[in-house]
Amino acid sequence: MTQSEELYRTVRLIRRFEERAIELVNSGEIIGGIHPYIGQEAIAAGVCAALRVDDVITSTHRGHGHVLAKGADPARMLAELAGRVDGLNQGRGGSMHAADFGLNIYGANGIVGAGAPIAVGAAWARMGAAANTVAVSFFGDGALNQGVLLESLNLAALWHVPVLFVCENNGYATSLTVADGVAGSAVARAAAFGIPAVTVDGADPAAVYAAAVAAVEECRAGRGPAFIECITYRFDAHHTWEHKARVRYRDPEEVEAGRARDPIDIQGARIDGGVRAEIDAQIERELDEAVTFALGSAKPELTGAMDYLYATGLRGRTGVGEMVV
Amino acid sequence: MPRLSYQKALQRALADEMARDAAVCVFGEDIGVGVNNVTTGLLDRFGRARVVDMPLSEQAFTSFATGAALAGRRPVIEFQIPSLLFLVFEQIANQAHKLSLMTGGQAHVPVTYFVPGSGSRTGWAGQHSDHPYSLFAHVGVKTVVPATPQDAYGLFASAIRDDDPVVLFAPAGALGIRDDVDFATLAPVPLGVGTVRRSGDDVTIVAVGHHVQTALAVADSLADQVSVEVFDPRTVYPFDWDSLAASLDRTGRLVVIDDSNRTCGIGGEIIATAAERMRLISPPRRVTRPDGAVLPFAHGLDQALQPSEAQLIAAVLEVVKGVL
């Protein structure tokens with residue numbers, strides 16, 4: 001498969017995965033809902049295509065795209081969203097905490113900006129090793145106002161830590177616009193720490209990929225962190241909860257205009273129509289199987305609700321007050 | 001026999017663990033110069049790659065340690081003041097602690113957080129005098145409060161070797177304690193195992209951290225009236241309930257001295273558990289800081305809000321009423 005076809009496959013897989021996941025939210029199979037990544041697929045696809053398996057990523061509450069693009073099995077991912085034992089996290093994490101440490105996916109995260117220092121620490125710990133791995137911290141424009149993110153930029157810049165900061169600027173921190181929430185700009189914040197920063201079209205997988213390849217090369221070469229701001233648009237709700245709550249903060253015209261620049265169409269137009277149809281069909285089969293796998297997987301035994309709380313296997317007392325087991 | 005101070009024991013444990021395991025590294029503020037006398041000499045011995053002076057970015061460097069731990073290191077973080085743990089509660093309670101369960105056991109976060117000088121240091125006022133070990137016990141983060149130099153060494157070593165996050169509180173009131181110690185006997189002390197510091201028949205005092213000394217002093221001063229057993233849990237979470245139950249089987253009476261604020265302090269949990277499950281022949285008592293205590297600056301006021309020997313004596317006498 002050519003690089004263009006790979007990128008198309010990834011954005012298409014994420015899109016269809018999210019659409020299938022929303023169906024499962026609506027049918028009640030996925031409890032609690034999800035933060036759909038629809039519209040932002042080019043970023044995960046473009047950045048992760050520039051990474052190796054041994055590179056680390058930390059993700060966000062809107063993390064399905066990153067986890068899939070880094071190579072996680074869609075069937076096990078979907079099983080995780082459905083809270084099943086065959087899920088990536090055995091049903092203990094769900095949408096906001098999906099992780100696959102075998103692929104160095106250190107997890108989605110429920111707290112905005114929280115993944116950034118984890119990525120910096122992981123990359124720092126591996127500095128000096130022969131493999132020259134990098135870590136990528138994905139975050140949204142909302143995280144630009146988290147102190148911990150700015151602190152992380154400082155640490156990474158100070159010690160030339162090989163971290164790529166990827167800001168997905170979709171214009172909104174839930175309902176708060178960037179204009180109302182961010183003074184200055186994303187790239188200016190990075191530049192203030194001496195971190196090279198570029199802004200790219202986050203709807204274009206190839207543009208993101210090119211920027212990521214260049215940035216990752218700098219990181220691997222030991223020239224310190226890099227920062228990419230991807231301008232993007234979230235096609236769907238902040239969270240599927242919005243489908244029912246009907247909170248209004250975007251004009252329909254704006255949403256329509258945002259959806260007009262669709263990463264799937266942009267990348268799809270770059271590949272052969274026959275190949276595209278084949279990829280599409282293959283993804284449908286894969287996702288059909290993933291849904292079957294996820295819904296066929298068992299729900300966790302209730303007696304295991306406290307499993308994995310401690311690495312050492314410590315068991316605390318239960319809620320009805322038995323002595324330590 | 002050589003004398004070992006509590007503070008030197010911490011220093012020795014950290015240095016020994018760093019020498020034993022190259023994955024152990026230490027992060028903190030002013031640790032290169034060893035401003036708290038625990039990291040003294042480590043920079044020269046182990047270098048900047050393992051002894052990292054951090055900018056004043058507690059939140060970032062706490063999760064930085066989580067990231068480093070996920071990538072195979074065993075970071076130890078020194079916090080200069082106990083209240084900094086409030087600042088990084090998100091990073092410890094909500095990130096490091098939850099990762100193992102949330103990832104279905106994929107992630108382990110072997111990070112040790114330690115405060116050399118927790119509780120009141122006299123004259124440091126409201127924002128430097130907290131003792132929030134009960135907060136971490138409540139969350140379920142492994143929490144140790146060593147009372148003696150030997151335990152400071154042994155519990156610190158065990159905390160660093162543990163595969164889970166562990167918070168170690170070294171009470172300011174214990175840092176100056178010196179004991180005669182055969183250095184060859186210094187060894188890890190298992191987490192979650194309490195110890196009887198003094199045996200007695202009439203009443204069990206559970207004393208946390210530096211208040212083990214308070215309890216021993218009270219046991220001495222009441223020796224001709226009451227036979228006091230002093231139980232030091234050493235680890236407040238997980239708590240050694242079995243050993244407490246064994247002590248209460250003997251004494252049947254319970255007093256707790258706990259430098260936490262009263263509501264939801266570990267003292268309340270100890271009494272509740274004893275009331276539910278253990279042998280008690282008279283109503284138990286606890287001596288704690290007041291509800292919602294903020295230690296005022298003026299020396300007398302600072303002292304007035306901390307559990308005292310006099311309060312402990314009164315509580316013990318109340319609990320043994322009728323025995324005397």
# chains A, B, ... in the order shown; residues from 1 in each chain; ligands from 1
call {"tool": "residues_around", "arguments": {"residues": "Pro190 (chain B)", "least_positions_apart": "3", "cutoff": "7 Å", "atoms": "only C-alpha atoms", "output": "number ranges by chain"}}
result
B: 155, 158, 193
call {"tool": "write_last_selection", "arguments": {"atoms": "C-alpha atoms", "output": "PDB file, in the first residue's frame"}}
result
ATOM      1  CA  LEU B 155       9.899   1.685  54.986  1.00  0.00           C
ATOM      2  CA  SER B 158      10.251  -0.876  50.704  1.00  0.00           C
ATOM      3  CA  VAL B 193       2.781  -4.473  58.906  1.00  0.00           C
TER       4      VAL B 193
END
call {"tool": "residues_around", "arguments": {"residues": "Thr251 (chain B)", "least_positions_apart": "6", "cutoff": "9 Å", "atoms": "only C-alpha atoms", "output": "JSON, numbers by chain"}}
result
{"B": [200, 201, 202, 203, 204, 228, 229, 279, 280, 281]}
call {"tool": "interface_residues", "arguments": {"of": "chain A", "to": "chain B", "cutoff": "7 Å", "atoms": "only C-alpha atoms", "output": "MDAnalysis selection string"}}
result
chainID A and resid 89:90 92:93 97 99 101 117:122 124:125 148 151:152 307:312
call {"tool": "closest_atom_pairs", "arguments": {"of": "region 198-277 of chain A", "to": "region 176-185 of chain A", "cutoff": "10 Å", "atoms": "only C-alpha atoms", "output": "CSV"}}
result
residue,atom,partner,partner_atom,distance
A:Glu229,CA,A:Ser185,CA,9.7
A:Tyr249,CA,A:Leu176,CA,8.4
A:Arg250,CA,A:Thr177,CA,9.7
call {"tool": "residues_around", "arguments": {"residues": "Ala187 (chain B)", "least_positions_apart": "5", "cutoff": "9 Å", "atoms": "only C-alpha atoms", "output": "list in words"}}
result
Ala13, Gln150, Asp151, Tyr153, Gly154, Leu155, Ala157 and Ser158 of chain B
call {"tool": "write_last_selection", "arguments": {"atoms": "N, CA and C atoms", "output": "PDB file, in the first residue's frame"}}
result
ATOM      1  N   ALA B  13      18.863   5.217  53.171  1.00  0.00           N
ATOM      2  CA  ALA B  13      17.963   4.332  52.413  1.00  0.00           C
ATOM      3  C   ALA B  13      17.942   4.732  50.942  1.00  0.00           C
ATOM      4  N   GLN B 150      15.087   3.303  62.280  1.00  0.00           N
ATOM      5  CA  GLN B 150      15.113   1.996  61.610  1.00  0.00           C
ATOM      6  C   GLN B 150      13.967   1.867  60.615  1.00  0.00           C
ATOM      7  N   ASP B 151      12.784   2.328  61.031  1.00  0.00           N
ATOM      8  CA  ASP B 151      11.627   2.246  60.135  1.00  0.00           C
ATOM      9  C   ASP B 151      11.727   3.255  58.999  1.00  0.00           C
ATOM     10  N   TYR B 153      14.381   4.041  57.504  1.00  0.00           N
ATOM     11  CA  TYR B 153      15.212   3.335  56.522  1.00  0.00           C
ATOM     12  C   TYR B 153      14.402   2.234  55.832  1.00  0.00           C
ATOM     13  N   GLY B 154      13.806   1.393  56.636  1.00  0.00           N
ATOM     14  CA  GLY B 154      13.187   0.177  56.103  1.00  0.00           C
ATOM     15  C   GLY B 154      11.930   0.432  55.293  1.00  0.00           C
ATOM     16  N   LEU B 155      11.129   1.389  55.731  1.00  0.00           N
ATOM     17  CA  LEU B 155       9.899   1.685  54.986  1.00  0.00           C
ATOM     18  C   LEU B 155      10.199   2.477  53.717  1.00  0.00           C
ATOM     19  N   ALA B 157      12.943   2.149  51.934  1.00  0.00           N
ATOM     20  CA  ALA B 157      13.461   1.150  50.990  1.00  0.00           C
ATOM     21  C   ALA B 157      12.321   0.335  50.384  1.00  0.00           C
ATOM     22  N   SER B 158      11.381  -0.085  51.220  1.00  0.00           N
ATOM     23  CA  SER B 158      10.251  -0.876  50.704  1.00  0.00           C
ATOM     24  C   SER B 158       9.375  -0.055  49.769  1.00  0.00           C
TER      25      SER B 158
END
call {"tool": "residues_around", "arguments": {"residues": "Met1 (chain A)", "least_positions_apart": "2", "cutoff": "12 Å", "atoms": "only C-alpha atoms", "output": "compact mmCIF listing (two decimals) with C-alpha atoms, in the first residue's frame"}}
result
# COMPACT_ATOMS: atom_id res chain seq x y z
CA GLN A 3 1.71 6.09 1.86
CA SER A 4 -1.32 7.93 0.44
CA GLU A 5 -3.37 4.77 0.57
CA GLU A 6 -2.22 4.04 4.12
CA LEU A 7 -3.24 7.51 5.24
CA TYR A 8 -6.60 7.11 3.57
CA ARG A 9 -7.09 3.73 5.18
CA THR A 10 -6.38 5.15 8.62
CA ILE A 271 -5.89 7.65 -4.49
CA ASP A 272 -7.25 5.42 -7.19
CA VAL A 275 -8.30 0.99 -4.50
CA ARG A 276 -10.43 3.31 -2.39
CA GLU A 278 -11.46 -1.92 -1.88
CA ILE A 279 -10.14 -0.24 1.24
call {"tool": "select_by_dssp", "arguments": {"residues": "region 115-201 of chain A", "states": "strand (DSSP E)", "output": "list in words"}}
result
Ala135, Val136, Ser137, Phe138, Phe139, Gly140, Val163, Leu164, Phe165, Val166, Cys167, Glu168, Asn169, Tyr172, Ala173, Leu176, Thr177, Ala197, Val198, Thr199, Val200 and Asp201 of chain A
call {"tool": "write_last_selection", "arguments": {"atoms": "N, CA and C atoms", "output": "tab-separated table (two decimals), in the first residue's frame"}}
result
chain	number	residue	atom	x	y	z
A	135	ALA	N	8.32	10.63	22.05
A	135	ALA	CA	6.97	10.54	22.59
A	135	ALA	C	6.15	11.66	21.97
A	136	VAL	N	4.89	11.36	21.73
A	136	VAL	CA	3.97	12.37	21.21
A	136	VAL	C	2.89	12.63	22.25
A	137	SER	N	2.69	13.90	22.55
A	137	SER	CA	1.59	14.29	23.42
A	137	SER	C	0.52	14.96	22.57
A	138	PHE	N	-0.62	14.30	22.44
A	138	PHE	CA	-1.77	14.91	21.75
A	138	PHE	C	-2.59	15.68	22.77
A	139	PHE	N	-3.06	16.85	22.40
A	139	PHE	CA	-3.96	17.61	23.27
A	139	PHE	C	-4.74	18.60	22.42
A	140	GLY	N	-5.79	19.15	23.00
A	140	GLY	CA	-6.63	20.08	22.26
A	140	GLY	C	-6.33	21.53	22.62
A	163	VAL	N	10.15	15.13	22.53
A	163	VAL	CA	8.69	15.06	22.59
A	163	VAL	C	8.10	15.91	21.48
A	164	LEU	N	7.14	15.36	20.80
A	164	LEU	CA	6.38	16.14	19.82
A	164	LEU	C	5.03	16.49	20.45
A	165	PHE	N	4.80	17.79	20.61
A	165	PHE	CA	3.52	18.27	21.13
A	165	PHE	C	2.60	18.53	19.94
A	166	VAL	N	1.45	17.88	19.96
A	166	VAL	CA	0.51	18.05	18.85
A	166	VAL	C	-0.77	18.67	19.39
A	167	CYS	N	-0.99	19.92	19.03
A	167	CYS	CA	-2.19	20.63	19.47
A	167	CYS	C	-3.26	20.51	18.40
A	168	GLU	N	-4.36	19.90	18.76
A	168	GLU	CA	-5.48	19.80	17.83
A	168	GLU	C	-6.43	20.95	18.13
A	169	ASN	N	-6.29	21.98	17.35
A	169	ASN	CA	-7.10	23.17	17.57
A	169	ASN	C	-8.39	23.06	16.76
A	172	TYR	N	-12.81	24.85	19.72
A	172	TYR	CA	-13.70	24.85	20.89
A	172	TYR	C	-13.16	23.98	22.01
A	173	ALA	N	-13.16	24.52	23.23
A	173	ALA	CA	-12.99	23.70	24.42
A	173	ALA	C	-14.42	23.43	24.91
A	176	LEU	N	-16.52	26.60	24.68
A	176	LEU	CA	-15.78	27.87	24.75
A	176	LEU	C	-14.88	28.02	23.52
A	177	THR	N	-15.07	29.11	22.81
A	177	THR	CA	-14.27	29.27	21.59
A	177	THR	C	-12.83	29.62	21.94
A	197	ALA	N	7.77	25.63	16.31
A	197	ALA	CA	6.34	25.35	16.19
A	197	ALA	C	5.84	25.74	14.82
A	198	VAL	N	5.00	24.89	14.27
A	198	VAL	CA	4.38	25.21	12.99
A	198	VAL	C	2.87	25.00	13.10
A	199	THR	N	2.14	25.67	12.23
A	199	THR	CA	0.70	25.45	12.13
A	199	THR	C	0.42	24.78	10.79
A	200	VAL	N	-0.36	23.69	10.84
A	200	VAL	CA	-0.68	23.00	9.58
A	200	VAL	C	-2.18	22.82	9.45
A	201	ASP	N	-2.57	22.47	8.23
A	201	ASP	CA	-3.97	22.19	7.94
A	201	ASP	C	-4.31	20.82	8.50
call {"tool": "residues_around", "arguments": {"residues": "Phe231 (chain B)", "least_positions_apart": "2", "cutoff": "7 Å", "atoms": "only C-alpha atoms", "output": "number ranges by chain"}}
result
B: 195-197, 204-207, 229, 233
call {"tool": "write_last_selection", "arguments": {"atoms": "N, CA and C atoms", "output": "PDB file, in the first residue's frame"}}
result
ATOM      1  N   THR B 195       3.544  -2.651  64.326  1.00  0.00           N
ATOM      2  CA  THR B 195       4.370  -3.267  65.358  1.00  0.00           C
ATOM      3  C   THR B 195       3.969  -2.731  66.730  1.00  0.00           C
ATOM      4  N   VAL B 196       4.096  -3.592  67.729  1.00  0.00           N
ATOM      5  CA  VAL B 196       3.833  -3.173  69.103  1.00  0.00           C
ATOM      6  C   VAL B 196       5.121  -2.578  69.662  1.00  0.00           C
ATOM      7  N   ARG B 197       5.082  -1.293  70.003  1.00  0.00           N
ATOM      8  CA  ARG B 197       6.288  -0.617  70.496  1.00  0.00           C
ATOM      9  C   ARG B 197       6.488  -0.849  71.995  1.00  0.00           C
ATOM     10  N   THR B 204      -4.819  -0.094  74.571  1.00  0.00           N
ATOM     11  CA  THR B 204      -3.961   0.032  73.395  1.00  0.00           C
ATOM     12  C   THR B 204      -4.013   1.467  72.893  1.00  0.00           C
ATOM     13  N   ILE B 205      -2.852   2.082  72.832  1.00  0.00           N
ATOM     14  CA  ILE B 205      -2.780   3.373  72.136  1.00  0.00           C
ATOM     15  C   ILE B 205      -2.263   3.103  70.732  1.00  0.00           C
ATOM     16  N   VAL B 206      -3.071   3.498  69.726  1.00  0.00           N
ATOM     17  CA  VAL B 206      -2.564   3.483  68.354  1.00  0.00           C
ATOM     18  C   VAL B 206      -1.996   4.865  68.096  1.00  0.00           C
ATOM     19  N   ALA B 207      -0.710   4.922  67.778  1.00  0.00           N
ATOM     20  CA  ALA B 207      -0.035   6.202  67.586  1.00  0.00           C
ATOM     21  C   ALA B 207       0.606   6.227  66.211  1.00  0.00           C
ATOM     22  N   GLU B 229      -0.353  -0.455  76.162  1.00  0.00           N
ATOM     23  CA  GLU B 229       0.297  -1.022  74.971  1.00  0.00           C
ATOM     24  C   GLU B 229       0.328   0.056  73.891  1.00  0.00           C
ATOM     25  N   PRO B 233       1.159   1.577  63.678  1.00  0.00           N
ATOM     26  CA  PRO B 233       0.758   0.899  62.434  1.00  0.00           C
ATOM     27  C   PRO B 233       1.842   0.992  61.346  1.00  0.00           C
TER      28      PRO B 233
END
call {"tool": "residues_around", "arguments": {"residues": "Val25 (chain A)", "least_positions_apart": "5", "cutoff": "9 Å", "atoms": "only C-alpha atoms", "output": "list in words"}}
result
Arg20, Ile30, Ile31, Gly32, Gly33, Ile34, Ala82 and Thr240 of chain A
call {"tool": "write_last_selection", "arguments": {"atoms": "C-alpha atoms", "output": "mmCIF file, in the first residue's frame"}}
result
data_model
loop_
_atom_site.group_PDB
_atom_site.id
_atom_site.type_symbol
_atom_site.label_atom_id
_atom_site.label_comp_id
_atom_site.auth_asym_id
_atom_site.auth_seq_id
_atom_site.Cartn_x
_atom_site.Cartn_y
_atom_site.Cartn_z
ATOM 1 C CA ARG A 20 -20.160 2.391 14.437
ATOM 2 C CA ILE A 30 -21.707 1.507 24.959
ATOM 3 C CA ILE A 31 -22.699 2.970 28.279
ATOM 4 C CA GLY A 32 -21.748 6.551 29.103
ATOM 5 C CA GLY A 33 -21.092 7.717 25.576
ATOM 6 C CA ILE A 34 -17.965 8.835 23.754
ATOM 7 C CA ALA A 82 -18.436 -1.771 25.401
ATOM 8 C CA THR A 240 -22.519 12.007 22.443
#
call {"tool": "select_by_dssp", "arguments": {"residues": "region 102-268 of chain B", "states": "alpha helix (DSSP H)", "output": "PyMOL selection string"}}
result
chain B and resi 102+133-139+149-161+211-221+241-251+266-268
call {"tool": "write_last_selection", "arguments": {"atoms": "N, CA and C atoms", "output": "CSV table (one decimal), in the first residue's frame"}}
result
chain,number,residue,atom,x,y,z
B,102,MET,N,-7.3,1.2,35.7
B,102,MET,CA,-7.9,1.7,34.5
B,102,MET,C,-7.3,1.0,33.2
B,133,TYR,N,-1.7,12.7,55.6
B,133,TYR,CA,-1.6,11.2,55.3
B,133,TYR,C,-2.9,10.6,55.2
B,134,SER,N,-3.9,11.1,56.0
B,134,SER,CA,-5.2,10.4,56.0
B,134,SER,C,-5.9,10.6,54.6
B,135,LEU,N,-5.5,11.7,54.0
B,135,LEU,CA,-6.1,12.0,52.6
B,135,LEU,C,-5.7,10.9,51.6
B,136,PHE,N,-4.4,10.5,51.7
B,136,PHE,CA,-4.0,9.5,50.8
B,136,PHE,C,-4.5,8.1,51.2
B,137,ALA,N,-4.6,7.9,52.5
B,137,ALA,CA,-5.2,6.6,52.9
B,137,ALA,C,-6.6,6.5,52.4
B,138,HIS,N,-7.4,7.6,52.4
B,138,HIS,CA,-8.7,7.7,52.0
B,138,HIS,C,-8.8,7.3,50.5
B,139,VAL,N,-7.9,7.8,49.7
B,139,VAL,CA,-7.9,7.6,48.3
B,139,VAL,C,-7.5,6.1,48.0
B,149,PRO,N,14.1,5.8,63.3
B,149,PRO,CA,15.2,5.7,62.3
B,149,PRO,C,15.2,4.4,61.6
B,150,GLN,N,15.1,3.3,62.3
B,150,GLN,CA,15.1,2.0,61.6
B,150,GLN,C,14.0,1.9,60.6
B,151,ASP,N,12.8,2.3,61.0
B,151,ASP,CA,11.6,2.2,60.1
B,151,ASP,C,11.7,3.3,59.0
B,152,ALA,N,12.3,4.4,59.3
B,152,ALA,CA,12.5,5.4,58.2
B,152,ALA,C,13.3,4.7,57.1
B,153,TYR,N,14.4,4.0,57.5
B,153,TYR,CA,15.2,3.3,56.5
B,153,TYR,C,14.4,2.2,55.8
B,154,GLY,N,13.8,1.4,56.6
B,154,GLY,CA,13.2,0.2,56.1
B,154,GLY,C,11.9,0.4,55.3
B,155,LEU,N,11.1,1.4,55.7
B,155,LEU,CA,9.9,1.7,55.0
B,155,LEU,C,10.2,2.5,53.7
B,156,PHE,N,11.2,3.3,53.8
B,156,PHE,CA,11.6,4.1,52.6
B,156,PHE,C,12.1,3.1,51.5
B,157,ALA,N,12.9,2.1,51.9
B,157,ALA,CA,13.5,1.2,51.0
B,157,ALA,C,12.3,0.3,50.4
B,158,SER,N,11.4,-0.1,51.2
B,158,SER,CA,10.3,-0.9,50.7
B,158,SER,C,9.4,-0.1,49.8
B,159,ALA,N,9.2,1.2,50.1
B,159,ALA,CA,8.4,2.1,49.3
B,159,ALA,C,9.0,2.2,47.9
B,160,ILE,N,10.3,2.4,47.8
B,160,ILE,CA,11.0,2.5,46.5
B,160,ILE,C,10.9,1.2,45.8
B,161,ARG,N,11.0,0.1,46.4
B,161,ARG,CA,10.9,-1.2,45.7
B,161,ARG,C,9.5,-1.6,45.3
B,211,HIS,N,3.9,10.7,66.9
B,211,HIS,CA,3.2,10.5,68.2
B,211,HIS,C,3.4,9.1,68.8
B,212,VAL,N,4.2,8.3,68.1
B,212,VAL,CA,4.6,7.1,68.8
B,212,VAL,C,5.4,7.5,70.0
B,213,GLN,N,6.3,8.5,69.9
B,213,GLN,CA,7.1,9.0,71.0
B,213,GLN,C,6.2,9.6,72.1
B,214,THR,N,5.1,10.3,71.7
B,214,THR,CA,4.2,10.9,72.6
B,214,THR,C,3.5,9.8,73.4
B,215,ALA,N,3.1,8.7,72.7
B,215,ALA,CA,2.4,7.6,73.4
B,215,ALA,C,3.4,6.8,74.3
B,216,LEU,N,4.6,6.7,73.9
B,216,LEU,CA,5.6,6.0,74.8
B,216,LEU,C,5.8,6.8,76.1
B,217,ALA,N,5.9,8.1,75.9
B,217,ALA,CA,6.1,9.0,77.0
B,217,ALA,C,4.9,8.9,78.0
B,218,VAL,N,3.7,8.9,77.4
B,218,VAL,CA,2.5,8.7,78.2
B,218,VAL,C,2.4,7.4,78.9
B,219,ALA,N,2.8,6.4,78.2
B,219,ALA,CA,2.8,5.0,78.8
B,219,ALA,C,3.8,5.0,80.0
B,220,ASP,N,4.9,5.7,79.9
B,220,ASP,CA,5.9,5.8,81.0
B,220,ASP,C,5.3,6.5,82.2
B,221,SER,N,4.7,7.7,81.9
B,221,SER,CA,4.3,8.5,83.0
B,221,SER,C,3.1,7.9,83.7
B,241,TRP,N,-4.8,-4.4,60.2
B,241,TRP,CA,-5.9,-4.6,61.1
B,241,TRP,C,-5.8,-5.8,62.0
B,242,ASP,N,-5.1,-6.9,61.4
B,242,ASP,CA,-5.0,-8.1,62.2
B,242,ASP,C,-4.2,-7.9,63.5
B,243,SER,N,-3.1,-7.1,63.3
B,243,SER,CA,-2.3,-6.8,64.5
B,243,SER,C,-3.0,-6.0,65.5
B,244,LEU,N,-3.8,-5.0,65.0
B,244,LEU,CA,-4.6,-4.2,66.0
B,244,LEU,C,-5.6,-5.1,66.7
B,245,ALA,N,-6.3,-6.0,65.9
B,245,ALA,CA,-7.3,-6.9,66.5
B,245,ALA,C,-6.6,-7.7,67.6
B,246,ALA,N,-5.4,-8.2,67.3
B,246,ALA,CA,-4.7,-9.0,68.3
B,246,ALA,C,-4.4,-8.2,69.6
B,247,SER,N,-4.0,-7.0,69.4
B,247,SER,CA,-3.7,-6.1,70.6
B,247,SER,C,-5.0,-5.9,71.4
B,248,LEU,N,-6.1,-5.6,70.7
B,248,LEU,CA,-7.4,-5.3,71.4
B,248,LEU,C,-7.9,-6.6,72.1
B,249,ASP,N,-7.6,-7.7,71.5
B,249,ASP,CA,-8.0,-9.0,72.2
B,249,ASP,C,-7.4,-9.0,73.6
B,250,ARG,N,-6.2,-8.5,73.7
B,250,ARG,CA,-5.5,-8.5,75.0
B,250,ARG,C,-6.1,-7.3,75.9
B,251,THR,N,-6.2,-6.1,75.3
B,251,THR,CA,-6.5,-5.0,76.2
B,251,THR,C,-8.0,-4.6,76.2
B,266,ILE,N,-7.5,9.2,59.9
B,266,ILE,CA,-7.3,7.8,60.0
B,266,ILE,C,-7.8,7.3,61.4
B,267,GLY,N,-7.7,8.3,62.4
B,267,GLY,CA,-8.2,7.9,63.7
B,267,GLY,C,-9.6,7.5,63.8
B,268,GLY,N,-10.4,8.2,63.0
B,268,GLY,CA,-11.9,7.8,62.9
B,268,GLY,C,-12.0,6.5,62.3
call {"tool": "residues_around", "arguments": {"residues": "Leu305 (chain B)", "least_positions_apart": "5", "cutoff": "8 Å", "atoms": "only C-alpha atoms", "output": "MDAnalysis selection string"}}
result
chainID B and resid 289:290 293 295
call {"tool": "write_last_selection", "arguments": {"atoms": "C-alpha atoms", "output": "mmCIF file, in the first residue's frame"}}
result
data_model
loop_
_atom_site.group_PDB
_atom_site.id
_atom_site.type_symbol
_atom_site.label_atom_id
_atom_site.label_comp_id
_atom_site.auth_asym_id
_atom_site.auth_seq_id
_atom_site.Cartn_x
_atom_site.Cartn_y
_atom_site.Cartn_z
ATOM 1 C CA ARG B 289 -6.247 18.018 65.438
ATOM 2 C CA PRO B 290 -9.604 19.815 65.512
ATOM 3 C CA ALA B 293 -7.575 22.758 61.508
ATOM 4 C CA LEU B 295 -2.428 25.857 62.112
#
call {"tool": "closest_residue", "arguments": {"among": "A:Ala290, A:Leu295, A:Ala116, A:Leu78", "to": "Ala98 (chain A)", "atoms": "only C-alpha atoms"}}
result
A:Leu78
call {"tool": "closest_residue", "arguments": {"among": "B:Pro171, B:Gly123, B:Gly176, B:Pro188", "to": "Val208 (chain B)", "atoms": "only C-alpha atoms"}}
result
B:Pro171
call {"tool": "decode", "arguments": {"residues": "region 278-296 of chain A", "atoms": "C-alpha atoms", "output": "tab-separated table (two decimals), in the first residue's frame"}}
result
chain	number	residue	atom	x	y	z
A	278	GLU	CA	-11.46	-1.92	-1.88
A	279	ILE	CA	-10.14	-0.24	1.24
A	280	ASP	CA	-13.65	0.87	2.17
A	281	ALA	CA	-15.02	-2.62	1.74
A	282	GLN	CA	-12.19	-4.14	3.73
A	283	ILE	CA	-12.80	-1.68	6.59
A	284	GLU	CA	-16.51	-2.51	6.62
A	285	ARG	CA	-15.66	-6.18	6.95
A	286	GLU	CA	-13.14	-5.48	9.67
A	287	LEU	CA	-15.60	-3.36	11.64
A	288	ASP	CA	-18.43	-5.86	11.18
A	289	GLU	CA	-16.13	-8.42	12.71
A	290	ALA	CA	-15.07	-5.96	15.41
A	291	VAL	CA	-18.68	-5.32	16.45
A	292	THR	CA	-19.39	-9.04	16.51
A	293	PHE	CA	-16.24	-9.63	18.54
A	294	ALA	CA	-16.97	-6.81	20.98
A	295	LEU	CA	-20.58	-7.72	21.62
A	296	GLY	CA	-19.70	-11.40	21.82
